[in-house]
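*Asks:* I have a structure I would like to understand better, so I am pasting it below and will then ask my questions one at a time.
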Amino acid sequence: MTGLSASGKSTIATIVEQKIHERKKLSYRLDGDNIRHGLNANLGFSPEDRSENIRRIGQVAKLFADAGIIAIVSFISPYRKDRDSVRALLSPGDFLEIYVSASLATAEARDPKGLYKKARKGQIKNFTGIDDPYEQPLNPEITLDTEQLSPENAAATVLEYLEKGSYLKA
């Protein structure tokens, strides 16, 4: 899942993870909060560090996929080339790009961590959407407009796609 900070990625990913577990499938949610404090604690937010962050996450997701575990990955991942590189790591059909869409105005209005306010004041540099770009996916498998969909309905859309694609079969 890719999208701006506060677009709803982590909320939707958490619901999807719970619903997959209810179906007795193995999955694990990887997001900025649980990765940036450990595996990628040494990385900042420069373009190079952002690319390395996504490269590492892609490698972890590949290991999960190789083990038959569904990796639910929710990161801003602002650069198309990085997302495309991760897609190329995986077997066809094993990478689903899910664009969690929300306008910058909506993301700023939500701003649960106060990050946009800090970025606007210059207290956070290289913040995606403010002084760093976000490159929207060109052809995602799923687009979730979180200005129109509740987190529960967005998660249901993802689960429906997974079921139709036989990703949740035993």
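Chain labels follow the order of the structure tokens: the first chain is A, the next B, and so on; residue numbering restarts at 1 in every chain, and ligands are counted from 1 in their shown order.
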As a PyMOL selection string, please: every residue in region 3-116 of chain A that DSSP puts in alpha helix (DSSP H).
*Replies:* chain A and resi 9-22+32-35+47-66+80-89+104-110+115-116
*Asks:* Using the selection just defined, write its residues with C-alpha atoms as a PDB file, in the first residue's frame.
*Replies:*
ATOM      1  CA  LYS A   9      -2.553   2.992   4.740  1.00  0.00           C
ATOM      2  CA  SER A  10      -1.764   1.643   8.215  1.00  0.00           C
ATOM      3  CA  THR A  11      -5.392   1.650   9.343  1.00  0.00           C
ATOM      4  CA  ILE A  12      -6.489  -0.298   6.269  1.00  0.00           C
ATOM      5  CA  ALA A  13      -3.488  -2.640   6.491  1.00  0.00           C
ATOM      6  CA  THR A  14      -4.332  -3.466  10.111  1.00  0.00           C
ATOM      7  CA  ILE A  15      -7.926  -4.358   9.207  1.00  0.00           C
ATOM      8  CA  VAL A  16      -6.788  -6.446   6.211  1.00  0.00           C
ATOM      9  CA  GLU A  17      -4.293  -8.282   8.422  1.00  0.00           C
ATOM     10  CA  GLN A  18      -6.993  -9.082  11.007  1.00  0.00           C
ATOM     11  CA  LYS A  19      -9.383 -10.369   8.332  1.00  0.00           C
ATOM     12  CA  ILE A  20      -6.684 -12.539   6.748  1.00  0.00           C
ATOM     13  CA  HIS A  21      -5.862 -14.030  10.159  1.00  0.00           C
ATOM     14  CA  GLU A  22      -9.575 -14.774  10.665  1.00  0.00           C
ATOM     15  CA  GLY A  32       6.962   2.506   8.791  1.00  0.00           C
ATOM     16  CA  ASP A  33       6.267   2.309  12.500  1.00  0.00           C
ATOM     17  CA  ASN A  34       7.522  -1.249  12.984  1.00  0.00           C
ATOM     18  CA  ILE A  35      10.390  -1.101  10.468  1.00  0.00           C
ATOM     19  CA  PRO A  47      15.867  10.342  -1.436  1.00  0.00           C
ATOM     20  CA  GLU A  48      18.694   7.801  -1.169  1.00  0.00           C
ATOM     21  CA  ASP A  49      17.597   6.633   2.282  1.00  0.00           C
ATOM     22  CA  ARG A  50      13.962   6.392   1.158  1.00  0.00           C
ATOM     23  CA  SER A  51      15.038   4.190  -1.753  1.00  0.00           C
ATOM     24  CA  GLU A  52      17.145   1.993   0.530  1.00  0.00           C
ATOM     25  CA  ASN A  53      14.238   1.745   2.976  1.00  0.00           C
ATOM     26  CA  ILE A  54      11.959   0.400   0.233  1.00  0.00           C
ATOM     27  CA  ARG A  55      14.679  -1.884  -1.163  1.00  0.00           C
ATOM     28  CA  ARG A  56      15.102  -3.524   2.259  1.00  0.00           C
ATOM     29  CA  ILE A  57      11.352  -3.826   2.761  1.00  0.00           C
ATOM     30  CA  GLY A  58      11.054  -5.403  -0.684  1.00  0.00           C
ATOM     31  CA  GLN A  59      13.640  -7.995   0.244  1.00  0.00           C
ATOM     32  CA  VAL A  60      11.818  -8.798   3.504  1.00  0.00           C
ATOM     33  CA  ALA A  61       8.489  -9.048   1.647  1.00  0.00           C
ATOM     34  CA  LYS A  62      10.115 -11.411  -0.868  1.00  0.00           C
ATOM     35  CA  LEU A  63      11.299 -13.662   1.958  1.00  0.00           C
ATOM     36  CA  PHE A  64       7.758 -13.741   3.344  1.00  0.00           C
ATOM     37  CA  ALA A  65       6.323 -14.518  -0.095  1.00  0.00           C
ATOM     38  CA  ASP A  66       8.880 -17.300  -0.589  1.00  0.00           C
ATOM     39  CA  ARG A  80       7.675   4.841  -8.717  1.00  0.00           C
ATOM     40  CA  LYS A  81      11.108   3.437  -9.564  1.00  0.00           C
ATOM     41  CA  ASP A  82      11.427   1.982  -6.058  1.00  0.00           C
ATOM     42  CA  ARG A  83       7.987   0.356  -6.193  1.00  0.00           C
ATOM     43  CA  ASP A  84       8.764  -0.978  -9.671  1.00  0.00           C
ATOM     44  CA  SER A  85      12.063  -2.430  -8.406  1.00  0.00           C
ATOM     45  CA  VAL A  86      10.246  -4.323  -5.660  1.00  0.00           C
ATOM     46  CA  ARG A  87       7.680  -5.620  -8.156  1.00  0.00           C
ATOM     47  CA  ALA A  88      10.571  -6.929 -10.287  1.00  0.00           C
ATOM     48  CA  LEU A  89      11.931  -8.896  -7.285  1.00  0.00           C
ATOM     49  CA  LEU A 104      -2.805  16.551   0.379  1.00  0.00           C
ATOM     50  CA  ALA A 105      -5.475  18.774   1.943  1.00  0.00           C
ATOM     51  CA  THR A 106      -7.272  15.746   3.401  1.00  0.00           C
ATOM     52  CA  ALA A 107      -4.028  14.180   4.662  1.00  0.00           C
ATOM     53  CA  GLU A 108      -3.059  17.473   6.306  1.00  0.00           C
ATOM     54  CA  ALA A 109      -6.477  17.800   7.910  1.00  0.00           C
ATOM     55  CA  ARG A 110      -6.162  14.281   9.370  1.00  0.00           C
ATOM     56  CA  LEU A 115       3.862  15.798  10.993  1.00  0.00           C
ATOM     57  CA  TYR A 116       2.428  18.081   8.323  1.00  0.00           C
TER      58      TYR A 116
END
*Asks:* Can you pull out the residues contacting Gln148 (chain A)? Cut-off 10 Å, using only C-alpha atoms, and skip same-chain residues under 6 positions away; I want them as a compact mmCIF listing (two decimals) with C-alpha atoms, in the first residue's frame.
*Replies:*
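Contents of the output file out-v8.txt:
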# COMPACT_ATOMS: atom_id res chain seq x y z
CA SER A 101 -5.50 7.89 -2.33
CA ALA A 102 -6.18 11.04 -0.34
CA ALA A 154 -11.43 -0.01 1.78
*Asks:* Taking into account only C-alpha atoms, which residue in the set A:Val158, A:Ile70, A:Val100, A:Leu30 is nearest to Thr143 (chain A)?
*Replies:*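 Ranked by minimum distance to Thr143 (chain A), first place goes to A:Val100.
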*Asks:* From the list A:Ala67, A:Ala156, A:Ile76, A:Ile142, which residue is nearest Ser5 (chain A) when using only C-alpha atoms?
*Replies:* A:Ile76
*Asks:* Would you work out the distance separating CA of Gln136 (chain A) from CA of Pro78 (chain A), expressed in Å to one decimal?
*Replies:*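 It comes out at 7.6 Å.
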*Asks:* To test your reading of the structure, identify every residue in chain A that backbone DSSP assigns to strand (DSSP E), and report it as JSON, numbers by chain.
*Replies:* {"A": [27, 28, 29, 30, 31, 70, 71, 72, 73, 74, 98, 99, 100, 101, 142, 143, 144, 145]}
